[in-house]
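For reference, the structure is listed below as structure tokens.
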Amino acid sequence: MANTWMVRSNGGDLIEDFEKGYVGIGFGDTGDLTDSVTADAIRTRYVRGNPDEKPGAVHNAVAMLRKFRSVMQVGDNVVTYDPPSRRYLVGTIESDYIYKPGVVATLGHLRKVRWSGEVSRDVLRVPSRNSLGSTLTLFAVASDVWEELLAAAKNPEPAETQLAEEREELEATKNETRERAHELIKDKILRLADDEMEELAAAILRAMGFKTRVSPKGSDRGVDVFASPDGLGLQEPRIKVEVKHRVKTAIGAPDVRSFLGGLRPGDRGLYISTGGFTKEAKYEADRSNTPATLIDLDELARLVVAHYDTFDLEGRALIALVKVYWPAE
């Protein structure tokens with residue numbers, strides 16, 4: 001069974017060259033790879049031509065070049081995309097690897113292609129659009145997506161049921177993206193050092209409108225961060241924060257009980273644990289006469305996102321995030 005490949009045309013600016021019957025890739029100065037079939041041989045040529053490349057960039061380039069040079073076969077299906085016109089070209093690989101600089105701009109590594117049709121991005125299902133949206137120069141395309149492309153090339157009108165289902169699929173994709181982002185933010189939090197975790201807790205509280213003080217290193221008597229409206233503790237609420245950065249250790253009831261015992265009238269307790277809390281610890285907090293909140297890693301990540309717009313420079317230096325905009329209904 002033929003494989004299907006997406007070959008992206010450098011942001012679409014080479015689409016006119018591709019339409020003449022080619023797909024191609026660049027990746028540095030390697031010269032002709034006709035006699036370089038294996039990954040090791042390609043790596044040798046690539047490193048020789050690009051001696052200053054970092055290992056990660058070398059690995060990526062060699063993987064792409066090997067797929068284009070040795071894995072892609074005559075008869076395989078191929079897709080490319082033109083972002084300005086929002087259309088995909090679909091076709092078939094018609095030649096073995098060719099090294100011919102100057103035919104397609106600066107791309108030297110080429111394959112001849114017979115294009116058989118084109119498809120508007122707008123008629124594809126959301127999952128198919130997403131699977132074709134990778135920024136990689138060259139990647140494999142799933143067989144069901146290829147079948148959908150072929151069907152759309154013959155019938156460019158979306159199916160009646162497709163328009164009704166698109167909103168549901170888009171919502172599911174948004175939720176999946178949100179969950180992936182949430183896990184990545186948790187990863188960034190876990191990489192913080194103990195003192196940085198305390199600074200992060202203080203940054204969240206400042207973003208919520210409090211003035212904060214982080215305890216110096218050493219004995220903190222159960223209070224890592226102190227916060228209040230005036231920063232002096234003269235105005236309530238006085239928030240006392242304990243931070244435990246023990247990823248694989250859940251905080252138990254004795255630790256929570258000890259923390260609660262240090263709170264006084266007018267205090268509010270905030271216990272942050274990246275390792276979470278036992279059931280007994282949660283019970284201790286629930287039955288406490290002094291208001292106290294337990295924050296695990298999931299809730300900490302949610303608080304960071306919820307208040308990131310009002311983070312100060314110190315907070316943003318700890319966790320660097322960017323906002324992603326999503327289409328409204």
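Going by the structure tokens order, chains are called A, B, ..., each with residues numbered from 1, while ligands are numbered from 1 in the order shown.
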
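Within the 10 Å cut-off around Ala202 of chain A, using only C-alpha atoms and omitting residues fewer than 4 positions from it on the same chain, the listed residues are Glu196, Met197, Glu198, Arg206, Ala207, Met208, Phe210, Lys211, Thr212, Arg213, Val214, Asp224, Val225, Phe226, Ala227, Val241, Glu314 and Gly315 of chain A.
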
Saved selection, atoms kept: C-alpha atoms, as an mmCIF file, in the first residue's frame:
data_model
loop_
_atom_site.group_PDB
_atom_site.id
_atom_site.type_symbol
_atom_site.label_atom_id
_atom_site.label_comp_id
_atom_site.auth_asym_id
_atom_site.auth_seq_id
_atom_site.Cartn_x
_atom_site.Cartn_y
_atom_site.Cartn_z
ATOM 1 C CA GLU A 196 11.192 29.800 42.789
ATOM 2 C CA MET A 197 8.038 27.934 43.812
ATOM 3 C CA GLU A 198 7.678 30.321 46.753
ATOM 4 C CA ARG A 206 0.211 39.885 43.897
ATOM 5 C CA ALA A 207 -1.717 39.324 40.673
ATOM 6 C CA MET A 208 -4.815 38.927 42.848
ATOM 7 C CA PHE A 210 -2.271 41.468 47.598
ATOM 8 C CA LYS A 211 1.092 42.722 48.745
ATOM 9 C CA THR A 212 3.492 39.913 49.583
ATOM 10 C CA ARG A 213 6.614 39.060 51.523
ATOM 11 C CA VAL A 214 8.656 35.898 50.916
ATOM 12 C CA ASP A 224 6.988 30.660 53.274
ATOM 13 C CA VAL A 225 4.955 33.566 51.908
ATOM 14 C CA PHE A 226 2.950 36.200 53.749
ATOM 15 C CA ALA A 227 0.317 38.338 52.024
ATOM 16 C CA VAL A 241 1.373 30.272 52.710
ATOM 17 C CA GLU A 314 8.977 38.918 38.406
ATOM 18 C CA GLY A 315 6.135 36.446 37.970
#

Can you pull out every residue within 10 Å of Glu183 of chain A, counting only C-alpha atoms, but drop anything in the same chain fewer than 6 positions away, and send it as a PyMOL selection string?
chain A and resi 189+298+301

Quick check for you: according to DSSP on this backbone, which residues of segment 35-283 of chain A are classed as strand (DSSP E)? Reply as a PyMOL selection string.
chain A and resi 77-82+87-93+98-104+107-120+138-140+211-214+225-228+238-244+267-273

Would you save the residues from that selection as a PDB file, in the first residue's frame, using C-alpha atoms?
ATOM      1  CA  ASN A  77       0.801   9.793  -2.637  1.00  0.00           C
ATOM      2  CA  VAL A  78       1.829  13.390  -1.960  1.00  0.00           C
ATOM      3  CA  VAL A  79       0.098  16.514  -0.654  1.00  0.00           C
ATOM      4  CA  THR A  80       1.236  20.110  -0.449  1.00  0.00           C
ATOM      5  CA  TYR A  81      -0.514  23.222   0.859  1.00  0.00           C
ATOM      6  CA  ASP A  82      -0.804  26.817  -0.297  1.00  0.00           C
ATOM      7  CA  ARG A  87      -5.893  24.809  -0.977  1.00  0.00           C
ATOM      8  CA  TYR A  88      -4.143  21.462  -1.033  1.00  0.00           C
ATOM      9  CA  LEU A  89      -2.626  19.905  -4.136  1.00  0.00           C
ATOM     10  CA  VAL A  90      -2.844  16.110  -4.271  1.00  0.00           C
ATOM     11  CA  GLY A  91      -0.798  13.886  -6.523  1.00  0.00           C
ATOM     12  CA  THR A  92       1.614  10.986  -6.987  1.00  0.00           C
ATOM     13  CA  ILE A  93       5.407  10.743  -6.741  1.00  0.00           C
ATOM     14  CA  ILE A  98      16.829  14.027  -7.803  1.00  0.00           C
ATOM     15  CA  TYR A  99      19.463  16.594  -6.853  1.00  0.00           C
ATOM     16  CA  LYS A 100      18.945  19.610  -9.103  1.00  0.00           C
ATOM     17  CA  PRO A 101      19.450  23.074  -7.520  1.00  0.00           C
ATOM     18  CA  GLY A 102      17.810  26.003  -9.287  1.00  0.00           C
ATOM     19  CA  VAL A 103      14.706  24.222 -10.547  1.00  0.00           C
ATOM     20  CA  VAL A 104      12.640  24.973  -7.421  1.00  0.00           C
ATOM     21  CA  LEU A 107      15.746  23.678  -2.948  1.00  0.00           C
ATOM     22  CA  GLY A 108      18.169  21.091  -4.284  1.00  0.00           C
ATOM     23  CA  HIS A 109      16.496  17.848  -3.188  1.00  0.00           C
ATOM     24  CA  LEU A 110      13.577  17.122  -5.517  1.00  0.00           C
ATOM     25  CA  ARG A 111      11.003  14.545  -6.578  1.00  0.00           C
ATOM     26  CA  LYS A 112       8.896  14.792  -9.719  1.00  0.00           C
ATOM     27  CA  VAL A 113       5.159  14.754  -9.096  1.00  0.00           C
ATOM     28  CA  ARG A 114       2.015  14.302 -11.174  1.00  0.00           C
ATOM     29  CA  TRP A 115      -0.653  16.476  -9.603  1.00  0.00           C
ATOM     30  CA  SER A 116      -4.157  15.080 -10.027  1.00  0.00           C
ATOM     31  CA  GLY A 117      -6.340  17.617  -8.233  1.00  0.00           C
ATOM     32  CA  GLU A 118      -6.768  20.270  -5.606  1.00  0.00           C
ATOM     33  CA  VAL A 119      -8.900  20.570  -2.468  1.00  0.00           C
ATOM     34  CA  SER A 120     -10.097  23.594  -0.526  1.00  0.00           C
ATOM     35  CA  LEU A 138       7.776  16.593   5.593  1.00  0.00           C
ATOM     36  CA  PHE A 139       5.529  14.134   7.430  1.00  0.00           C
ATOM     37  CA  ALA A 140       3.343  11.089   6.825  1.00  0.00           C
ATOM     38  CA  LYS A 211       1.092  42.722  48.745  1.00  0.00           C
ATOM     39  CA  THR A 212       3.492  39.913  49.583  1.00  0.00           C
ATOM     40  CA  ARG A 213       6.614  39.060  51.523  1.00  0.00           C
ATOM     41  CA  VAL A 214       8.656  35.898  50.916  1.00  0.00           C
ATOM     42  CA  VAL A 225       4.955  33.566  51.908  1.00  0.00           C
ATOM     43  CA  PHE A 226       2.950  36.200  53.749  1.00  0.00           C
ATOM     44  CA  ALA A 227       0.317  38.338  52.024  1.00  0.00           C
ATOM     45  CA  SER A 228      -2.202  40.972  53.037  1.00  0.00           C
ATOM     46  CA  ARG A 238      -3.655  37.896  56.474  1.00  0.00           C
ATOM     47  CA  ILE A 239      -2.680  35.019  54.192  1.00  0.00           C
ATOM     48  CA  LYS A 240       0.022  32.627  55.346  1.00  0.00           C
ATOM     49  CA  VAL A 241       1.373  30.272  52.710  1.00  0.00           C
ATOM     50  CA  GLU A 242       3.291  27.011  53.098  1.00  0.00           C
ATOM     51  CA  VAL A 243       4.925  25.669  49.922  1.00  0.00           C
ATOM     52  CA  LYS A 244       6.119  22.074  49.537  1.00  0.00           C
ATOM     53  CA  ASP A 267      -5.327  34.505  59.331  1.00  0.00           C
ATOM     54  CA  ARG A 268      -6.115  32.528  56.204  1.00  0.00           C
ATOM     55  CA  GLY A 269      -4.083  29.465  55.296  1.00  0.00           C
ATOM     56  CA  LEU A 270      -2.846  28.462  51.863  1.00  0.00           C
ATOM     57  CA  TYR A 271      -0.941  25.175  51.577  1.00  0.00           C
ATOM     58  CA  ILE A 272       0.655  24.454  48.194  1.00  0.00           C
ATOM     59  CA  SER A 273       1.966  20.975  47.416  1.00  0.00           C
TER      60      SER A 273
END

Could you check which of A:Leu132, A:Ala105, A:Leu263, A:Leu124 is closest to Asn155 of chain A, using only C-alpha atoms?
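Among the listed residues, A:Leu124 lies closest to Asn155 of chain A.
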
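Atom CA of Leu149 of chain A sits 16.9 Å away from atom CA of Met1 of chain A.
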
In Å, how far is it from atom CA of Arg45 of chain A to atom CA of Leu33 of chain A?
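Separation between atom CA of Arg45 of chain A and atom CA of Leu33 of chain A: 8.1 Å.
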